[in-house]
Number of protein chains: 2
Amino acid sequence: MNESTQDPTIQSKGKLYGIGAGPGDPELLTLKAVRILKECDVIAFPNTGEEETARRIVEAYIQSKPTLSCHFSMSRELSERLACRGRAARDIEILLKKGCSVGFVTLGDPTVYSTYLYVEERLRSKGYDTEIVSGIPSFVAAAAAAKVSLCEGQEPLHILPAQGNALEGMEELKGTLVIMKAGRNLKRLLTKASSMESEATLIRRVGMQGEAIQKADRAQDLLPLAPETPDYFSILMLRPTNHVPSSALSQKGAKEDSL
Amino acid sequence: MNESTQDPTIQSKGKLYGIGAGPGDPELLTLKAVRILKECDVIAFPNTGEEETARRIVEAYIQSKPTLSCHFSMSRELSERLACRGRAARDIEILLKKGCSVGFVTLGDPTVYSTYLYVEERLRSKGYDTEIVSGIPSFVAAAAAAKVSLCEGQEPLHILPAQGNALEGMEELKGTLVIMKAGRNLKRLLTKASSMESEATLIRRVGMQGEAIQKADRAQDLLPLAPETPDYFSILMLRPTNHVPSSALSQKGAKEDSL
């Protein structure tokens with residue numbers, strides 16, 4: 001234990017909030033996010049290239065409030081990434097110690113592919129009070145924009161990042177597949193998915209300027225439509241053609257009340 | 001095509017909104033959900049046993065507005081379920097034809113385990129204008145309440161309902177497992193998960209009265225704590241002990257800036 005863990009006054013100090021800003025549309029902020037943004041003394045943003053988007057979403061509610069930009073390295077070097085997290089937590093701790101409440105804004109939701117929890121865990125372990133304010137994850141907003149169910153009844157839903165090994169064996173998974181950040185490897189990904197009996201929906205920049213939705217009965221049909229310039233905010237949804245409720249609906253002999 | 005598909009005046013008719021009310025806390029409504037609730041002429045609720053919760057979440061914004069209760073059967077008989085969906089769509093269509101806008105409220109998000117899309121598809125195919133307003137899914141709010149990441153970096157996330165065959169082979173899945181509606185089979189489920197190298201978090205009634213969170217280093221440690229009375233709104237999160245970023249953090253030799 002270090003000095004600050006033993007600080008008996010820490011309970012009366014500032015609180016850290018992880019605030020989900022949703023995918024892009026400021027109207028998708030929750031009432032709670034708005035209230036906490038207004039109440040916090042300082043607003044922190046992760047500086048990872050998405051900062052400008054996050055600022056734009058919340059700007060109406062923070063106005064002239066002081067902001068803190070926390071640099072998070074995307075480097076492959078773990079030591080560099082850890083150094084950034086440590087620095088962000090230390091910068092925030094200085095504010096918390098002064099009694100300031102800090103709202104750390106993340107795109108989407110703070111528990112879904114966010115760097116926020118790294119920082120929170122460090123400060124929580126030192127006795128600081130923390131709270132997470134949920135936001136709409138981008139894949140949820142993408143499903144809404146495309147008017148496609150992510151899952152129904154007893155179907156599983158799999159969220160897979162297009163990076164790393166997460167896509168290994170994806171063809172074997174039952175249920176809907178949502179592939180995040182599908183921009184860079186889109187053509188390879190569509191080719192990989194072409195053996196699957198799935199409807200494919202590509203949603204780019206949901207809730208942002210340039211939002212685009214493309215649907216096809218099979219993944220390979222999207223290949224000619226794949227943009228030359230990859231878009232980081234791209235989500236590919238693969239929904240089994242024979243997913244339970246749909247096949248049940250078209251089942252022969254099923255008596256359905258017509259409208 | 002039937003008569004109403006060809007109705008040339010349909011474009012000027014009412015619009016259907018699927019509104020996600022989030023998991024329970026009215027403050028987790030989005031700004032957009034609040035606006036649409038206020039603007040809609042009639043508010044529809046799925047009557048599936050969760051209706052009372054959904055009504056309580058939105059009641060401050062609908063006040064004396066007319067409401068429509070749509071009965072959805074939970075019967076195993078497909079014909080009975082289909083009859084309910086058809087009836088709900090027909091009841092809503094009568095309102096849309098009159099030019100009323102209808103807000104159909106669902107718990108959580110309308111694209112995540114909801115009956116809403118069944119109704120929407122029917123009305124959309126007849127030419128009615130529809131829109132989905134995203135809500136915070138219960139598993140997102142559960143992760144926030146438990147202060148646990150659902151996924152980080154390149155980790156997959158799997159959402160599995162505790163019913164049906166969705167849990168087959170769950171031990172082989174990489175990444176975090178979120179098991180929905182885990183109440184009824186909780187003991188069997190915890191036993192099944194006991195071979196997994198995963199931290200287990202059980203979140204009951206998130207955002208509702210009686211919210212409870214139990215964490216353990218392994219699933220079997222939660223067994224003695226499993227309540228005698230199963231709770232429908234129970235979510236079990238299984239997070240690999242050696243999930244990538246954590247193991248990276250504790251990696252020997254990794255130089256970390258201390259706070």
# chains A, B, ... in the order shown; residues from 1 in each chain; ligands from 1

$ interface_residues --of "chain A" --to "chain B" --cutoff "7 Å" --atoms "only C-alpha atoms" --output "ChimeraX atom specification"
/A:27-32,79,82-83,86,89-90,111-114,117,132-136,140-141,143-144,147-161,163-164,166,254-259

$ select_by_dssp --residues "region 18-180 of chain B" --states "alpha helix (DSSP H)" --output "VMD selection string"
chain B and resid 31 to 39 51 to 62 78 to 97 116 to 125 138 to 146

$ atom_distance --atom1 "CA of Thr106 (chain A)" --atom2 "CA of Glu59 (chain B)"
29.4 Å

$ residues_around --residues "Gly103 (chain B)" --least-positions-apart "5" --cutoff "10 Å" --atoms "only C-alpha atoms" --output "short mmCIF file (atom, residue, chain, number, x, y, z; two decimals) with N, CA and C atoms, in the first residue's frame"
data_model
loop_
_atom_site.label_atom_id
_atom_site.label_comp_id
_atom_site.auth_asym_id
_atom_site.auth_seq_id
_atom_site.Cartn_x
_atom_site.Cartn_y
_atom_site.Cartn_z
N LYS B 15 -46.29 7.01 -38.09
CA LYS B 15 -45.01 6.30 -38.10
C LYS B 15 -44.89 5.45 -36.84
N LEU B 16 -44.25 4.30 -36.99
CA LEU B 16 -44.04 3.41 -35.85
C LEU B 16 -42.60 3.54 -35.35
N TYR B 17 -42.45 3.76 -34.05
CA TYR B 17 -41.13 3.81 -33.43
C TYR B 17 -40.97 2.65 -32.47
N GLY B 18 -39.87 1.92 -32.57
CA GLY B 18 -39.50 0.94 -31.55
C GLY B 18 -38.58 1.64 -30.58
N ILE B 19 -39.01 1.79 -29.35
CA ILE B 19 -38.26 2.60 -28.39
C ILE B 19 -37.65 1.73 -27.30
N GLY B 20 -36.33 1.71 -27.22
CA GLY B 20 -35.65 0.97 -26.16
C GLY B 20 -35.71 1.77 -24.87
N ALA B 33 -35.15 8.87 -26.99
CA ALA B 33 -36.30 8.10 -26.51
C ALA B 33 -37.29 9.02 -25.83
N ILE B 36 -39.10 11.17 -28.49
CA ILE B 36 -40.08 10.39 -29.28
C ILE B 36 -41.28 10.00 -28.42
N LEU B 37 -41.03 9.64 -27.17
CA LEU B 37 -42.15 9.30 -26.26
C LEU B 37 -43.11 10.49 -26.13
N LYS B 38 -42.51 11.68 -26.02
CA LYS B 38 -43.34 12.88 -25.88
C LYS B 38 -44.10 13.20 -27.17
N GLU B 39 -43.47 12.91 -28.31
CA GLU B 39 -44.08 13.27 -29.60
C GLU B 39 -45.15 12.28 -30.07
N CYS B 40 -45.01 11.02 -29.66
CA CYS B 40 -45.93 10.00 -30.18
C CYS B 40 -47.35 10.22 -29.67
N ASP B 41 -48.32 9.84 -30.51
CA ASP B 41 -49.72 9.98 -30.13
C ASP B 41 -50.16 8.86 -29.19
N VAL B 42 -49.67 7.65 -29.47
CA VAL B 42 -50.08 6.49 -28.68
C VAL B 42 -48.82 5.70 -28.30
N ILE B 43 -48.79 5.20 -27.07
CA ILE B 43 -47.65 4.39 -26.63
C ILE B 43 -48.11 2.94 -26.48
N ALA B 44 -47.41 2.04 -27.18
CA ALA B 44 -47.76 0.62 -27.11
C ALA B 44 -46.74 -0.11 -26.24
N PHE B 45 -47.23 -1.09 -25.49
CA PHE B 45 -46.37 -1.92 -24.65
C PHE B 45 -46.59 -3.39 -24.97
N THR B 67 -52.55 4.49 -24.20
CA THR B 67 -51.61 3.38 -24.34
C THR B 67 -52.33 2.17 -24.92
N LEU B 68 -51.54 1.33 -25.55
CA LEU B 68 -52.08 0.11 -26.16
C LEU B 68 -51.26 -1.06 -25.63
N ILE B 92 -51.90 -1.96 -34.19
CA ILE B 92 -51.06 -0.78 -34.43
C ILE B 92 -51.37 -0.18 -35.79
N THR B 130 -40.99 3.39 -40.34
CA THR B 130 -40.63 2.88 -39.02
C THR B 130 -39.24 3.37 -38.63
N GLU B 131 -38.99 3.42 -37.33
CA GLU B 131 -37.66 3.82 -36.86
C GLU B 131 -37.39 3.15 -35.51
N ILE B 132 -36.14 2.72 -35.32
CA ILE B 132 -35.76 2.12 -34.04
C ILE B 132 -34.95 3.13 -33.24
N VAL B 133 -35.35 3.32 -31.99
CA VAL B 133 -34.62 4.21 -31.08
C VAL B 133 -33.91 3.31 -30.06
#

$ closest_residue --among "A:Gly49, A:Gln209, A:Ser198, A:Arg204" --to "Leu238 (chain A)" --atoms "only C-alpha atoms"
A:Ser198

$ atom_distance --atom1 "CA of Thr53 (chain A)" --atom2 "CA of Gly24 (chain A)"
6.9 Å

$ residues_around --residues "Thr241 (chain A)" --least-positions-apart "6" --cutoff "9 Å" --atoms "only C-alpha atoms" --output "list in words"
Glu197, Ser198, Glu199, Asp217, Arg218 and Ser247 of chain A

$ write_last_selection --atoms "N, CA, C and O atoms" --output "PDB file, in the first residue's frame"
ATOM      1  N   GLU A 197     -24.154 -19.265 -44.547  1.00  0.00           N
ATOM      2  CA  GLU A 197     -25.553 -19.049 -44.973  1.00  0.00           C
ATOM      3  C   GLU A 197     -26.107 -17.884 -44.171  1.00  0.00           C
ATOM      4  O   GLU A 197     -26.951 -18.055 -43.293  1.00  0.00           O
ATOM      5  N   SER A 198     -25.605 -16.694 -44.453  1.00  0.00           N
ATOM      6  CA  SER A 198     -25.979 -15.539 -43.647  1.00  0.00           C
ATOM      7  C   SER A 198     -26.280 -14.326 -44.504  1.00  0.00           C
ATOM      8  O   SER A 198     -25.601 -14.074 -45.491  1.00  0.00           O
ATOM      9  N   GLU A 199     -27.289 -13.590 -44.071  1.00  0.00           N
ATOM     10  CA  GLU A 199     -27.508 -12.269 -44.650  1.00  0.00           C
ATOM     11  C   GLU A 199     -26.409 -11.367 -44.117  1.00  0.00           C
ATOM     12  O   GLU A 199     -26.015 -11.467 -42.955  1.00  0.00           O
ATOM     13  N   ASP A 217     -28.012 -10.588 -49.475  1.00  0.00           N
ATOM     14  CA  ASP A 217     -28.458 -11.907 -49.031  1.00  0.00           C
ATOM     15  C   ASP A 217     -27.287 -12.780 -48.617  1.00  0.00           C
ATOM     16  O   ASP A 217     -27.445 -13.708 -47.835  1.00  0.00           O
ATOM     17  N   ARG A 218     -26.113 -12.501 -49.167  1.00  0.00           N
ATOM     18  CA  ARG A 218     -24.910 -13.260 -48.820  1.00  0.00           C
ATOM     19  C   ARG A 218     -23.727 -12.292 -48.788  1.00  0.00           C
ATOM     20  O   ARG A 218     -23.713 -11.283 -49.498  1.00  0.00           O
ATOM     21  N   SER A 247     -37.190 -18.734 -39.800  1.00  0.00           N
ATOM     22  CA  SER A 247     -37.521 -20.004 -40.436  1.00  0.00           C
ATOM     23  C   SER A 247     -38.854 -20.495 -39.886  1.00  0.00           C
ATOM     24  O   SER A 247     -39.660 -21.076 -40.599  1.00  0.00           O
TER      25      SER A 247
END

$ select_by_dssp --residues "region 57-257 of chain A" --states "strand (DSSP E)" --output "PyMOL selection string"
chain A and resi 67-71+102-106+129-133+157-161+176-180+198-204+212-216+234-240

$ decode --residues "region 114-132 of chain B" --atoms "N, CA and C atoms" --output "tab-separated table (two decimals), in the first residue's frame"
chain	number	residue	atom	x	y	z
B	114	SER	N	-36.01	-9.03	-28.39
B	114	SER	CA	-37.28	-8.32	-28.26
B	114	SER	C	-38.27	-8.84	-29.29
B	115	THR	N	-39.54	-8.67	-29.01
B	115	THR	CA	-40.55	-9.11	-29.97
B	115	THR	C	-40.88	-8.00	-30.97
B	116	TYR	N	-40.29	-6.83	-30.77
B	116	TYR	CA	-40.66	-5.67	-31.58
B	116	TYR	C	-40.45	-5.88	-33.08
B	117	LEU	N	-39.32	-6.46	-33.44
B	117	LEU	CA	-39.00	-6.56	-34.88
B	117	LEU	C	-40.02	-7.38	-35.66
B	118	TYR	N	-40.64	-8.35	-34.97
B	118	TYR	CA	-41.69	-9.14	-35.64
B	118	TYR	C	-42.80	-8.23	-36.14
B	119	VAL	N	-43.18	-7.32	-35.24
B	119	VAL	CA	-44.30	-6.41	-35.57
B	119	VAL	C	-43.85	-5.39	-36.61
B	120	GLU	N	-42.65	-4.87	-36.42
B	120	GLU	CA	-42.17	-3.85	-37.34
B	120	GLU	C	-42.07	-4.37	-38.77
B	121	GLU	N	-41.50	-5.57	-38.90
B	121	GLU	CA	-41.33	-6.14	-40.25
B	121	GLU	C	-42.66	-6.22	-40.99
B	122	ARG	N	-43.69	-6.63	-40.26
B	122	ARG	CA	-45.01	-6.73	-40.89
B	122	ARG	C	-45.49	-5.38	-41.39
B	123	LEU	N	-45.30	-4.35	-40.57
B	123	LEU	CA	-45.83	-3.03	-40.95
B	123	LEU	C	-44.95	-2.35	-42.00
B	124	ARG	N	-43.64	-2.57	-41.87
B	124	ARG	CA	-42.71	-2.00	-42.84
B	124	ARG	C	-42.98	-2.58	-44.23
B	125	SER	N	-43.24	-3.89	-44.28
B	125	SER	CA	-43.47	-4.52	-45.58
B	125	SER	C	-44.76	-3.99	-46.22
B	126	LYS	N	-45.60	-3.38	-45.44
B	126	LYS	CA	-46.83	-2.80	-46.00
B	126	LYS	C	-46.66	-1.33	-46.33
B	127	GLY	N	-45.45	-0.82	-46.15
B	127	GLY	CA	-45.18	0.54	-46.59
B	127	GLY	C	-45.17	1.58	-45.49
B	128	TYR	N	-45.38	1.15	-44.26
B	128	TYR	CA	-45.37	2.14	-43.17
B	128	TYR	C	-43.94	2.53	-42.82
B	129	ASP	N	-43.80	3.77	-42.41
B	129	ASP	CA	-42.50	4.30	-42.01
B	129	ASP	C	-42.21	3.83	-40.57
B	130	THR	N	-40.99	3.39	-40.34
B	130	THR	CA	-40.63	2.88	-39.02
B	130	THR	C	-39.24	3.37	-38.63
B	131	GLU	N	-38.99	3.42	-37.33
B	131	GLU	CA	-37.66	3.82	-36.86
B	131	GLU	C	-37.39	3.15	-35.51
B	132	ILE	N	-36.14	2.72	-35.32
B	132	ILE	CA	-35.76	2.12	-34.04
B	132	ILE	C	-34.95	3.13	-33.24
